[in-house]
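Q: final.txt is the file, holding compact mmCIF, C-alpha atoms:
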# COMPACT_ATOMS: atom_id res chain seq x y z
CA MET A 1 -33.97 -15.48 -28.05
CA ASN A 2 -31.18 -17.78 -26.92
CA ARG A 3 -28.85 -16.30 -29.53
CA LYS A 4 -29.63 -12.79 -28.30
CA LYS A 5 -28.87 -13.85 -24.75
CA ILE A 6 -25.62 -15.47 -25.83
CA ASN A 7 -24.55 -12.33 -27.71
CA LYS A 8 -25.51 -10.17 -24.73
CA ASP A 9 -23.53 -12.36 -22.34
CA LYS A 10 -20.56 -12.33 -24.73
CA LEU A 11 -20.66 -8.53 -24.99
CA LEU A 12 -20.85 -8.21 -21.21
CA ALA A 13 -17.87 -10.54 -20.79
CA GLN A 14 -15.86 -8.49 -23.32
CA LYS A 15 -16.70 -5.27 -21.48
CA LYS A 16 -15.49 -6.82 -18.23
CA GLN A 17 -12.23 -7.92 -19.89
CA TYR A 18 -11.62 -4.46 -21.35
CA LEU A 19 -12.40 -2.85 -17.98
CA PHE A 20 -9.97 -5.24 -16.29
CA LEU A 21 -7.19 -4.38 -18.76
CA ILE A 22 -7.88 -0.64 -18.45
CA THR A 23 -7.62 -0.99 -14.68
CA ILE A 24 -4.34 -2.89 -15.01
CA MET A 25 -2.87 -0.18 -17.27
CA ALA A 26 -4.17 2.59 -14.99
CA LEU A 27 -2.45 0.95 -12.02
CA GLY A 28 0.77 0.83 -14.06
CA ILE A 29 0.48 4.53 -14.91
CA LEU A 30 -0.20 5.39 -11.26
CA ALA A 31 2.79 3.32 -10.14
CA GLY A 32 5.00 5.12 -12.68
CA ILE A 33 3.80 8.52 -11.48
CA LEU A 34 4.44 7.70 -7.82
CA PHE A 35 7.78 5.98 -8.46
CA VAL A 36 9.47 9.30 -9.31
CA PHE A 37 8.84 10.52 -5.75
CA PHE A 38 10.64 7.53 -4.22
CA ILE A 39 13.88 7.49 -6.21
CA SER A 40 17.05 8.86 -4.61
CA SER A 41 18.28 12.42 -5.10
CA GLU A 42 21.18 11.09 -7.18
CA ASP A 43 18.75 9.32 -9.52
CA LYS A 44 16.61 12.47 -9.72
CA THR A 45 19.69 14.47 -10.71
CA LEU A 46 20.58 11.90 -13.36
CA LEU A 47 16.99 11.95 -14.61
CA LEU A 48 17.03 15.75 -14.85
CA ASP A 49 20.32 15.65 -16.77
CA ASN A 50 18.86 13.17 -19.25
CA LEU A 51 15.73 15.28 -19.71
CA ASN A 52 17.80 18.45 -20.22
CA HIS A 53 19.95 16.65 -22.77
CA PHE A 54 16.87 15.41 -24.62
CA PHE A 55 15.21 18.83 -24.70
CA THR A 56 18.46 20.54 -25.70
CA SER A 57 18.86 18.10 -28.59
CA ILE A 58 15.33 18.97 -29.74
CA LYS A 59 15.86 22.70 -29.35
CA GLU A 60 19.15 22.63 -31.25
CA ASN A 61 17.85 20.12 -33.81
CA LYS A 62 20.54 17.58 -32.97
CA LEU A 63 18.32 14.52 -32.94
CA ASN A 64 19.33 11.59 -35.13
CA TYR A 65 15.96 11.00 -36.76
CA THR A 66 17.01 7.91 -38.69
CA ASP A 67 18.35 6.08 -35.64
CA SER A 68 15.37 7.19 -33.56
CA LEU A 69 12.94 5.90 -36.18
CA ILE A 70 14.72 2.56 -36.48
CA ASN A 71 14.81 2.13 -32.69
CA SER A 72 11.15 3.08 -32.31
CA ILE A 73 9.88 0.79 -35.07
CA SER A 74 12.05 -2.16 -34.06
CA SER A 75 11.08 -1.81 -30.39
CA ASN A 76 7.37 -1.64 -31.21
CA ILE A 77 7.49 -4.53 -33.65
CA LEU A 78 9.35 -6.75 -31.18
CA SER A 79 6.89 -5.89 -28.39
CA ILE A 80 3.85 -6.52 -30.59
CA ILE A 81 5.17 -9.86 -31.87
CA LEU A 82 6.12 -10.90 -28.33
CA ILE A 83 2.64 -10.20 -26.97
CA TRP A 84 1.05 -11.86 -30.00
CA LEU A 85 3.15 -14.99 -29.49
CA LEU A 86 2.31 -15.05 -25.79
CA GLY A 87 -1.35 -15.04 -26.85
CA ILE A 88 -0.92 -18.37 -28.62
CA SER A 89 0.56 -19.84 -25.47
CA VAL A 90 -1.53 -21.08 -22.57
CA ILE A 91 1.13 -19.82 -20.14
CA GLY A 92 1.27 -16.32 -21.61
CA ILE A 93 -1.52 -14.67 -19.60
CA PRO A 94 0.55 -13.43 -16.60
CA PHE A 95 3.28 -12.16 -18.95
CA ILE A 96 0.71 -10.25 -21.03
CA LEU A 97 -0.70 -8.63 -17.91
CA GLY A 98 2.81 -7.79 -16.73
CA PHE A 99 3.55 -6.17 -20.09
CA MET A 100 0.38 -4.04 -19.85
CA ILE A 101 1.43 -2.84 -16.40
CA PHE A 102 4.92 -2.08 -17.68
CA LYS A 103 3.64 0.00 -20.60
CA GLY A 104 1.46 2.02 -18.23
CA PHE A 105 4.36 2.40 -15.80
CA VAL A 106 6.71 3.80 -18.47
CA LEU A 107 4.14 6.38 -19.58
CA GLY A 108 3.33 7.42 -16.02
CA PHE A 109 7.02 7.68 -15.13
CA SER A 110 7.77 9.81 -18.22
CA ILE A 111 4.94 12.26 -17.52
CA SER A 112 5.72 12.48 -13.81
CA SER A 113 9.44 13.04 -14.51
CA ILE A 114 8.70 16.07 -16.68
CA LEU A 115 6.20 17.56 -14.23
CA VAL A 116 8.32 16.96 -11.12
CA ASN A 117 11.45 18.46 -12.66
CA TYR A 118 9.89 21.40 -14.50
CA GLY A 119 6.73 22.08 -12.54
CA PHE A 120 3.89 24.09 -14.02
CA LYS A 121 5.86 25.08 -17.13
CA GLY A 122 6.33 21.41 -17.98
CA ILE A 123 2.60 20.74 -18.34
CA LEU A 124 2.42 21.75 -22.00
CA VAL A 125 5.59 19.78 -22.72
CA ALA A 126 4.09 16.70 -21.07
CA ILE A 127 0.86 17.11 -23.06
CA SER A 128 2.74 17.47 -26.36
CA TYR A 129 4.81 14.41 -25.39
CA ILE A 130 1.81 12.13 -24.87
CA PHE A 131 -0.80 13.53 -27.29
CA PRO A 132 -1.92 12.02 -29.53
CA HIS A 133 0.47 9.16 -30.28
CA HIS A 134 0.89 7.80 -26.73
CA ILE A 135 -2.87 7.81 -26.27
CA ILE A 136 -3.24 5.81 -29.49
CA TYR A 137 -0.41 3.54 -28.33
CA LEU A 138 -2.35 2.75 -25.15
CA ILE A 139 -5.47 1.95 -27.18
CA MET A 140 -3.40 -0.29 -29.47
CA TRP A 141 -1.81 -2.15 -26.54
CA LEU A 142 -5.23 -2.48 -24.95
CA LEU A 143 -6.66 -3.98 -28.15
CA LEU A 144 -3.73 -6.34 -28.64
CA GLY A 145 -3.76 -7.35 -24.97
CA PHE A 146 -7.48 -8.09 -25.10
CA TYR A 147 -7.20 -10.35 -28.15
CA ALA A 148 -4.05 -12.02 -26.83
CA LEU A 149 -5.76 -12.88 -23.54
CA SER A 150 -8.92 -13.94 -25.36
CA PHE A 151 -7.07 -16.28 -27.71
CA SER A 152 -5.00 -17.73 -24.89
CA CYS A 153 -8.17 -18.46 -22.89
CA LYS A 154 -9.83 -20.11 -25.90
CA LEU A 155 -6.75 -22.25 -26.43
CA PHE A 156 -6.83 -23.27 -22.77
CA LYS A 157 -10.51 -24.24 -23.05
CA LEU A 158 -9.79 -26.31 -26.15
CA LEU A 159 -6.75 -28.14 -24.80
CA PHE A 160 -7.65 -28.68 -21.15
CA LEU A 161 -11.40 -28.28 -20.82
CA LYS A 162 -12.09 -30.05 -24.11
CA LYS A 163 -14.65 -27.42 -25.14
CA ASN A 164 -15.71 -26.96 -28.73
CA VAL A 165 -13.82 -23.89 -29.99
CA ASN A 166 -13.49 -22.76 -33.61
CA LEU A 167 -9.80 -22.01 -33.19
CA LYS A 168 -9.20 -21.47 -36.91
CA GLU A 169 -11.68 -18.61 -37.09
CA HIS A 170 -10.32 -16.99 -33.93
CA PHE A 171 -6.74 -17.36 -35.17
CA ARG A 172 -7.65 -15.64 -38.45
CA LYS A 173 -9.08 -12.70 -36.53
CA TYR A 174 -6.08 -12.70 -34.19
CA LEU A 175 -3.73 -12.57 -37.18
CA LYS A 176 -5.59 -9.54 -38.55
CA ILE A 177 -5.11 -7.78 -35.21
CA LEU A 178 -1.37 -8.46 -35.47
CA VAL A 179 -1.16 -6.87 -38.94
CA LEU A 180 -3.27 -3.90 -37.82
CA CYS A 181 -1.10 -3.25 -34.78
CA LEU A 182 2.09 -3.48 -36.82
CA LEU A 183 0.79 -0.93 -39.34
CA VAL A 184 -0.46 1.43 -36.63
CA SER A 185 2.81 1.21 -34.70
CA CYS A 186 4.84 2.14 -37.80
CA ILE A 187 2.64 5.19 -38.41
CA LEU A 188 2.90 6.21 -34.76
CA SER A 189 6.69 5.81 -34.86
CA LEU A 190 6.85 8.23 -37.79
CA PHE A 191 4.72 10.72 -35.87
CA GLU A 192 6.74 10.25 -32.69
CA VAL A 193 10.08 10.82 -34.39
CA TYR A 194 9.27 13.55 -36.91
CA VAL A 195 6.30 15.44 -35.45
CA THR A 196 6.46 15.16 -31.65
CA PRO A 197 9.87 16.92 -31.32
CA SER A 198 8.45 19.88 -33.27
CA LEU A 199 5.45 20.03 -30.93
CA ILE A 200 7.67 19.82 -27.84
CA ASN A 201 9.92 22.53 -29.29
CA LEU A 202 6.99 24.95 -29.22
CA PHE A 203 6.82 24.73 -25.44
CA ILE A 204 10.44 24.14 -24.43
CA PHE A 205 11.44 26.47 -21.62
Represent the structure of the file as structure tokens.
A:
Amino acid sequence: MNRKKINKDKLLAQKKQYLFLITIMALGILAGILFVFFISSEDKTLLLDNLNHFFTSIKENKLNYTDSLINSISSNILSIILIWLLGISVIGIPFILGFMIFKGFVLGFSISSILVNYGFKGILVAISYIFPHHIIYLIMWLLLGFYALSFSCKLFKLLFLKKNVNLKEHFRKYLKILVLCLLVSCILSLFEVYVTPSLINLFIF
């Protein structure tokens, strides 16, 4: 009975942590969406020029796929390793939360930029831009962020509260999450570079 109660309490705590991280990312997305409306007209013009250049490159098949793939994979790998390392640090919690907000902000800003500049006809472009790889990215960051925060909290309990924590077992699981996220990010980078432009090209105005 006690074990069932412990497992139930543990599951409830995990749900609360996931809900907290989802809320953090949602706030980041909302901030990114709203930010577009507060930038200056000069910045909006520059943003529109960059979007037009990007869509023109897709339409005319002028994208450098090799460079894009290298940039995407290297950026994802660096971000994943950074968050993972912050998870094995007792001071990493605020930085992990800040990173989650930033990831949500970038996605919200990208979607809002397309919709604000192209209106109703940009809806399908925005959908093809985020689905499915950006949705999977968010799930991956959510998973990594959860385990990073969890491990950091366990480390804090062990070092400062002197609680009995099987750190070796948790580290093994945390290491598996790192490998999983690295593999998923590489697959998503391939999709983002080689498939997403083709999807966007179907709806380019």
Q: Taking all atoms listed in the file into account, name the residue in A:Leu69, A:Ile101, A:Ile123, A:Leu159 that is nearest to Leu188 (chain A).
A: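 The closest residue to Leu188 (chain A) is A:Leu69.
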Q: From the list A:Ile130, A:Ile114, A:Ile135, A:Leu182, which residue is nearest Pro197 (chain A) when using all atoms listed in the file?
A: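 Counting all atoms listed in the file, the residue closest to Pro197 (chain A) is A:Ile130.
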Q: Considering only C-alpha atoms, return as a PDB file with C-alpha atoms, in the coordinates of the input whatever protein or nucleic-acid residues lie within 12 Å of Ile58 (chain A), sequence-local ones (same chain, fewer than 2 positions apart) excluded.
A:
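The result, written out as around_3.pdb:
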ATOM      1  CA  LEU A  51      15.730  15.280 -19.710  1.00  0.00           C
ATOM      2  CA  ASN A  52      17.800  18.450 -20.220  1.00  0.00           C
ATOM      3  CA  HIS A  53      19.950  16.650 -22.770  1.00  0.00           C
ATOM      4  CA  PHE A  54      16.870  15.410 -24.620  1.00  0.00           C
ATOM      5  CA  PHE A  55      15.210  18.830 -24.700  1.00  0.00           C
ATOM      6  CA  THR A  56      18.460  20.540 -25.700  1.00  0.00           C
ATOM      7  CA  GLU A  60      19.150  22.630 -31.250  1.00  0.00           C
ATOM      8  CA  ASN A  61      17.850  20.120 -33.810  1.00  0.00           C
ATOM      9  CA  LYS A  62      20.540  17.580 -32.970  1.00  0.00           C
ATOM     10  CA  LEU A  63      18.320  14.520 -32.940  1.00  0.00           C
ATOM     11  CA  ASN A  64      19.330  11.590 -35.130  1.00  0.00           C
ATOM     12  CA  TYR A  65      15.960  11.000 -36.760  1.00  0.00           C
ATOM     13  CA  VAL A 193      10.080  10.820 -34.390  1.00  0.00           C
ATOM     14  CA  TYR A 194       9.270  13.550 -36.910  1.00  0.00           C
ATOM     15  CA  VAL A 195       6.300  15.440 -35.450  1.00  0.00           C
ATOM     16  CA  THR A 196       6.460  15.160 -31.650  1.00  0.00           C
ATOM     17  CA  PRO A 197       9.870  16.920 -31.320  1.00  0.00           C
ATOM     18  CA  SER A 198       8.450  19.880 -33.270  1.00  0.00           C
ATOM     19  CA  LEU A 199       5.450  20.030 -30.930  1.00  0.00           C
ATOM     20  CA  ILE A 200       7.670  19.820 -27.840  1.00  0.00           C
ATOM     21  CA  ASN A 201       9.920  22.530 -29.290  1.00  0.00           C
ATOM     22  CA  LEU A 202       6.990  24.950 -29.220  1.00  0.00           C
ATOM     23  CA  PHE A 203       6.820  24.730 -25.440  1.00  0.00           C
ATOM     24  CA  ILE A 204      10.440  24.140 -24.430  1.00  0.00           C
ATOM     25  CA  PHE A 205      11.440  26.470 -21.620  1.00  0.00           C
TER      26      PHE A 205
END
Q: Find the nearest atom pair between each residue of region 31-150 of chain A and region 15-22 of chain A for residues within 12 Å, count all atoms listed in the file, give distances in Å to one decimal, sort rows by chain and ascending number, and present the table as a tab-separated table.
A:
residue	atom	partner	partner_atom	distance
A:Ile93	CA	A:Leu21	CA	11.8
A:Ile96	CA	A:Leu21	CA	10.1
A:Leu97	CA	A:Leu21	CA	7.8
A:Gly98	CA	A:Leu21	CA	10.8
A:Phe99	CA	A:Leu21	CA	11.0
A:Met100	CA	A:Leu21	CA	7.7
A:Ile101	CA	A:Leu21	CA	9.1
A:Lys103	CA	A:Ile22	CA	11.7
A:Gly104	CA	A:Ile22	CA	9.7
A:Leu138	CA	A:Ile22	CA	9.3
A:Ile139	CA	A:Ile22	CA	9.4
A:Met140	CA	A:Ile22	CA	11.9
A:Trp141	CA	A:Leu21	CA	9.7
A:Leu142	CA	A:Leu21	CA	6.8
A:Leu143	CA	A:Tyr18	CA	8.4
A:Leu144	CA	A:Leu21	CA	10.7
A:Gly145	CA	A:Leu21	CA	7.7
A:Phe146	CA	A:Tyr18	CA	6.7
A:Tyr147	CA	A:Gln17	CA	10.0
A:Ala148	CA	A:Gln17	CA	11.5
A:Leu149	CA	A:Gln17	CA	8.9
A:Ser150	CA	A:Gln17	CA	8.8
Q: For C-alpha atoms, I'd like the residues from the last selection saved as an mmCIF file, keeping the file's coordinate frame.
A:
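Listing of part-v3.cif after writing:
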data_model
loop_
_atom_site.group_PDB
_atom_site.id
_atom_site.type_symbol
_atom_site.label_atom_id
_atom_site.label_comp_id
_atom_site.auth_asym_id
_atom_site.auth_seq_id
_atom_site.Cartn_x
_atom_site.Cartn_y
_atom_site.Cartn_z
ATOM 1 C CA ILE A 93 -1.520 -14.670 -19.600
ATOM 2 C CA ILE A 96 0.710 -10.250 -21.030
ATOM 3 C CA LEU A 97 -0.700 -8.630 -17.910
ATOM 4 C CA GLY A 98 2.810 -7.790 -16.730
ATOM 5 C CA PHE A 99 3.550 -6.170 -20.090
ATOM 6 C CA MET A 100 0.380 -4.040 -19.850
ATOM 7 C CA ILE A 101 1.430 -2.840 -16.400
ATOM 8 C CA LYS A 103 3.640 0.000 -20.600
ATOM 9 C CA GLY A 104 1.460 2.020 -18.230
ATOM 10 C CA LEU A 138 -2.350 2.750 -25.150
ATOM 11 C CA ILE A 139 -5.470 1.950 -27.180
ATOM 12 C CA MET A 140 -3.400 -0.290 -29.470
ATOM 13 C CA TRP A 141 -1.810 -2.150 -26.540
ATOM 14 C CA LEU A 142 -5.230 -2.480 -24.950
ATOM 15 C CA LEU A 143 -6.660 -3.980 -28.150
ATOM 16 C CA LEU A 144 -3.730 -6.340 -28.640
ATOM 17 C CA GLY A 145 -3.760 -7.350 -24.970
ATOM 18 C CA PHE A 146 -7.480 -8.090 -25.100
ATOM 19 C CA TYR A 147 -7.200 -10.350 -28.150
ATOM 20 C CA ALA A 148 -4.050 -12.020 -26.830
ATOM 21 C CA LEU A 149 -5.760 -12.880 -23.540
ATOM 22 C CA SER A 150 -8.920 -13.940 -25.360
#
Q: Determine the nearest neighbour of Phe131 (chain A) from the options A:Ala26, A:Ala13, A:Cys153, A:Ile111, counting only C-alpha atoms.
A: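 The closest residue to Phe131 (chain A) is A:Ile111.
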Q: Could you tell me how far CA of Glu169 (chain A) sits from CA of Leu11 (chain A), in Å to one decimal place?
A: 18.1 Å
Q: Could you write out as lines of an AutoDock Vina configuration file the box around region 158-171 of chain A (axis-aligned, all atoms listed in the file, 5 Å on each side), with centre and edge lengths in Å to one decimal?
A:
center_x = -11.2
center_y = -23.5
center_z = -29.0
size_x = 19.0
size_y = 23.1
size_z = 26.3
Q: Report, in Å to a single decimal, how far apart CA of Phe109 (chain A) and CA of Ile33 (chain A) are.
A: 4.9 Å
Q: Please measure the separation of CA of Lys154 (chain A) and CA of Pro94 (chain A), giving the value in Å to one decimal.
A: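 Computing the Euclidean distance for CA of Lys154 (chain A) and CA of Pro94 (chain A) yields 15.5 Å.
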Q: Go through A:Ser189, A:Phe151, A:Ser128, A:Leu180 and flag the residue nearest Leu167 (chain A), using all atoms listed in the file for the distances.
A: A:Phe151
Q: From the options A:Val90, A:Val106, A:Ile77, A:Leu46, which residue's atoms come nearest to Val179 (chain A), counting all atoms listed in the file?
A: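 Going through A:Val90, A:Val106, A:Ile77, A:Leu46 one by one, the smallest distance to Val179 (chain A) is for A:Ile77.
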Q: Closest to Phe105 (chain A) among A:Ile187, A:Asn76, A:Leu27, A:Lys8, using all atoms listed in the file?
A: A:Leu27
